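Next comes upload_14.cif, with mmCIF, C-alpha atoms and all ligand atoms; chains and numbers go by the auth columns.
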```cif
data_structure
loop_
_atom_site.group_PDB
_atom_site.id
_atom_site.type_symbol
_atom_site.label_atom_id
_atom_site.label_comp_id
_atom_site.label_asym_id
_atom_site.label_seq_id
_atom_site.Cartn_x
_atom_site.Cartn_y
_atom_site.Cartn_z
_atom_site.B_iso_or_equiv
_atom_site.auth_seq_id
_atom_site.auth_asym_id
ATOM 1 C CA MET A 1 119.937 147.270 93.379 0.00 1 E
ATOM 2 C CA ALA A 2 123.385 146.621 91.995 0.00 2 E
ATOM 3 C CA TRP A 3 124.431 143.446 90.273 0.00 3 E
ATOM 4 C CA CYS A 4 127.822 141.757 90.763 0.00 4 E
ATOM 5 C CA ARG A 5 128.716 139.830 87.647 0.00 5 E
ATOM 6 C CA SER A 6 131.405 137.619 89.215 0.00 6 E
ATOM 7 C CA CYS A 7 129.368 136.698 92.324 0.00 7 E
ATOM 8 C CA GLU A 8 126.137 136.552 90.304 0.00 8 E
ATOM 9 C CA ARG A 9 124.038 138.153 92.998 0.00 9 E
ATOM 10 C CA TYR A 10 122.213 141.360 93.710 0.00 10 E
ATOM 11 C CA LEU A 11 123.665 143.768 96.226 0.00 11 E
ATOM 12 C CA THR A 12 121.861 146.500 98.067 0.00 12 E
ATOM 13 C CA PRO A 13 123.602 149.882 98.104 0.00 13 E
ATOM 14 C CA ALA A 14 124.187 149.449 101.866 0.00 14 E
ATOM 15 C CA THR A 15 126.246 146.279 101.391 0.00 15 E
ATOM 16 C CA LEU A 16 128.610 147.878 98.876 0.00 16 E
ATOM 17 C CA THR A 17 131.972 149.193 99.972 0.00 17 E
ATOM 18 C CA SER A 18 132.569 152.924 100.148 0.00 18 E
ATOM 19 C CA GLU A 19 134.066 152.760 96.654 0.00 19 E
ATOM 20 C CA GLY A 20 130.880 151.167 95.361 0.00 20 E
ATOM 21 C CA ALA A 21 132.544 147.786 94.894 0.00 21 E
ATOM 22 C CA CYS A 22 131.339 144.305 95.795 0.00 22 E
ATOM 23 C CA PRO A 23 132.249 143.288 99.382 0.00 23 E
ATOM 24 C CA GLY A 24 132.622 139.652 98.327 0.00 24 E
ATOM 25 C CA CYS A 25 135.077 139.876 95.431 0.00 25 E
ATOM 26 C CA GLY A 26 136.003 143.557 95.482 0.00 26 E
ATOM 27 C CA SER A 27 135.226 144.088 91.831 0.00 27 E
ATOM 28 C CA GLU A 28 133.163 146.936 90.504 0.00 28 E
ATOM 29 C CA VAL A 29 129.472 146.182 90.408 0.00 29 E
ATOM 30 C CA GLN A 30 127.003 147.082 87.727 0.00 30 E
ATOM 31 C CA GLN A 31 124.892 149.974 88.837 0.00 31 E
ATOM 32 C CA PRO A 32 121.341 149.968 87.553 0.00 32 E
ATOM 33 C CA GLU A 33 120.689 152.535 84.876 0.00 33 E
ATOM 34 C CA LYS A 34 118.359 155.153 86.167 0.00 34 E
ATOM 35 C CA VAL A 35 115.845 155.905 83.477 0.00 35 E
ATOM 36 C CA PRO A 36 113.161 158.143 84.918 0.00 36 E
ATOM 37 C CA ALA A 37 110.012 157.450 82.965 0.00 37 E
ATOM 38 C CA PRO A 38 106.649 158.992 83.812 0.00 38 E
ATOM 39 C CA ALA A 39 104.085 156.437 84.920 0.00 39 E
ATOM 40 C CA ALA A 40 101.748 157.437 82.121 0.00 40 E
ATOM 41 C CA GLU A 41 104.351 156.520 79.494 0.00 41 E
ATOM 42 C CA ARG A 42 104.987 153.068 80.928 0.00 42 E
ATOM 43 C CA ILE A 43 101.304 152.068 80.967 0.00 43 E
ATOM 44 C CA PRO A 44 100.284 150.881 77.503 0.00 44 E
ATOM 45 C CA TRP A 45 97.177 152.307 75.900 0.00 45 E
ATOM 46 C CA HIS A 46 95.398 148.928 75.765 0.00 46 E
ATOM 47 C CA PHE A 47 95.532 148.796 79.557 0.00 47 E
ATOM 48 C CA TRP A 48 93.295 151.859 79.703 0.00 48 E
ATOM 49 C CA LEU A 49 91.077 150.304 77.035 0.00 49 E
ATOM 50 C CA LEU A 50 90.674 147.299 79.333 0.00 50 E
ATOM 51 C CA VAL A 51 90.005 149.517 82.347 0.00 51 E
ATOM 52 C CA GLY A 52 87.463 151.521 80.369 0.00 52 E
ATOM 53 C CA GLY A 53 85.761 148.355 79.151 0.00 53 E
ATOM 54 C CA ALA A 54 85.594 146.961 82.690 0.00 54 E
ATOM 55 C CA ALA A 55 84.145 150.248 83.954 0.00 55 E
ATOM 56 C CA VAL A 56 81.478 150.282 81.222 0.00 56 E
ATOM 57 C CA TYR A 57 80.619 146.641 81.999 0.00 57 E
ATOM 58 C CA LEU A 58 80.341 147.271 85.746 0.00 58 E
ATOM 59 C CA VAL A 59 78.170 150.352 85.197 0.00 59 E
ATOM 60 C CA TRP A 60 75.923 148.309 82.880 0.00 60 E
ATOM 61 C CA ARG A 61 75.654 145.504 85.464 0.00 61 E
ATOM 62 C CA ALA A 62 74.819 148.116 88.125 0.00 62 E
ATOM 63 C CA VAL A 63 72.067 149.494 85.879 0.00 63 E
ATOM 64 C CA GLN A 64 70.724 145.951 85.409 0.00 64 E
ATOM 65 C CA GLY A 65 70.836 145.357 89.186 0.00 65 E
ATOM 66 C CA VAL A 66 68.902 148.530 89.904 0.00 66 E
ATOM 67 C CA ALA A 67 66.399 147.678 87.153 0.00 67 E
ATOM 68 C CA LEU A 68 65.666 144.357 88.899 0.00 68 E
ATOM 69 C CA LEU A 69 64.682 146.188 92.082 0.00 69 E
ATOM 70 C CA LEU A 70 62.152 148.371 90.293 0.00 70 E
HETATM 71 ZN ZN ZN B . 131.172 140.171 93.871 0.00 101 R
#
```
Re-express the file's structure as structure tokens.
Amino acid sequence: MAWCRSCERYLTPATLTSEGACPGCGSEVQQPEKVPAPAAERIPWHFWLLVGGAAVYLVWRAVQGVALLL
């Protein structure tokens, strides 16, 4: 998505003119900076700590549930 500063709205690439300008005011729009970041780098480590903790908890609850049946 591109951002037009003077119109203060987002523009899809399809709505831009062939020059890449805003169709409303004709000024150059801000193109989003493409920063390719691997998914693993964007997920913080404490997220995986939380996931691991939830997994351990669910496994423990499953063990408890099975133990009740015995
Ligand atoms: Zn504009």
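Restricting the calculation to all atoms listed in the file, the smallest distance between Cys22 in chain E and any of E:Trp60, E:Ala67, E:Trp48, E:Arg5 is found for E:Arg5.
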Practice item. Please write the residues picked by the PyMOL selection byres (((chain E and resi 27) around 12) and not hetatm) on this file as a ChimeraX atom specification. Key: /E:3-8,16-17,19-26,28-30
Please produce an output containing C-alpha atoms for each residue in the selection, written as a PDB file, in the frame of the given file.
```pdb
ATOM      1  CA  TRP E   3     124.431 143.446  90.273  1.00  0.00           C
ATOM      2  CA  CYS E   4     127.822 141.757  90.763  1.00  0.00           C
ATOM      3  CA  ARG E   5     128.716 139.830  87.647  1.00  0.00           C
ATOM      4  CA  SER E   6     131.405 137.619  89.215  1.00  0.00           C
ATOM      5  CA  CYS E   7     129.368 136.698  92.324  1.00  0.00           C
ATOM      6  CA  GLU E   8     126.137 136.552  90.304  1.00  0.00           C
ATOM      7  CA  LEU E  16     128.610 147.878  98.876  1.00  0.00           C
ATOM      8  CA  THR E  17     131.972 149.193  99.972  1.00  0.00           C
ATOM      9  CA  GLU E  19     134.066 152.760  96.654  1.00  0.00           C
ATOM     10  CA  GLY E  20     130.880 151.167  95.361  1.00  0.00           C
ATOM     11  CA  ALA E  21     132.544 147.786  94.894  1.00  0.00           C
ATOM     12  CA  CYS E  22     131.339 144.305  95.795  1.00  0.00           C
ATOM     13  CA  PRO E  23     132.249 143.288  99.382  1.00  0.00           C
ATOM     14  CA  GLY E  24     132.622 139.652  98.327  1.00  0.00           C
ATOM     15  CA  CYS E  25     135.077 139.876  95.431  1.00  0.00           C
ATOM     16  CA  GLY E  26     136.003 143.557  95.482  1.00  0.00           C
ATOM     17  CA  GLU E  28     133.163 146.936  90.504  1.00  0.00           C
ATOM     18  CA  VAL E  29     129.472 146.182  90.408  1.00  0.00           C
ATOM     19  CA  GLN E  30     127.003 147.082  87.727  1.00  0.00           C
TER      20      GLN E  30
END
```
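Considering the residues E:Ser18, E:Val66, E:Val51, E:Arg9 and counting only C-alpha atoms and all ligand atoms, ligand ZN 101 (chain R) has its shortest atom-to-atom contact with E:Arg9.
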Show which residues sit within 7 Å of Thr12 in chain E, as a PDB file with C-alpha atoms, in the coordinates of the input. Count all atoms listed in the file, and ignore same-chain residues fewer than 3 positions away.
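The resulting file, result.pdb, is shown below:
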```
ATOM      1  CA  MET E   1     119.937 147.270  93.379  1.00  0.00           C
ATOM      2  CA  ALA E   2     123.385 146.621  91.995  1.00  0.00           C
ATOM      3  CA  THR E  15     126.246 146.279 101.391  1.00  0.00           C
ATOM      4  CA  LEU E  16     128.610 147.878  98.876  1.00  0.00           C
TER       5      LEU E  16
END
```
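Taking CA of Leu58 in chain E and CA of Pro44 in chain E as the two end points, the separation is 21.9 Å.
Taking CA of Leu69 in chain E and CA of Ala54 in chain E as endpoints, the distance between them is 22.9 Å.
The space between CA of Val59 in chain E and CA of Ile43 in chain E spans 23.6 Å.
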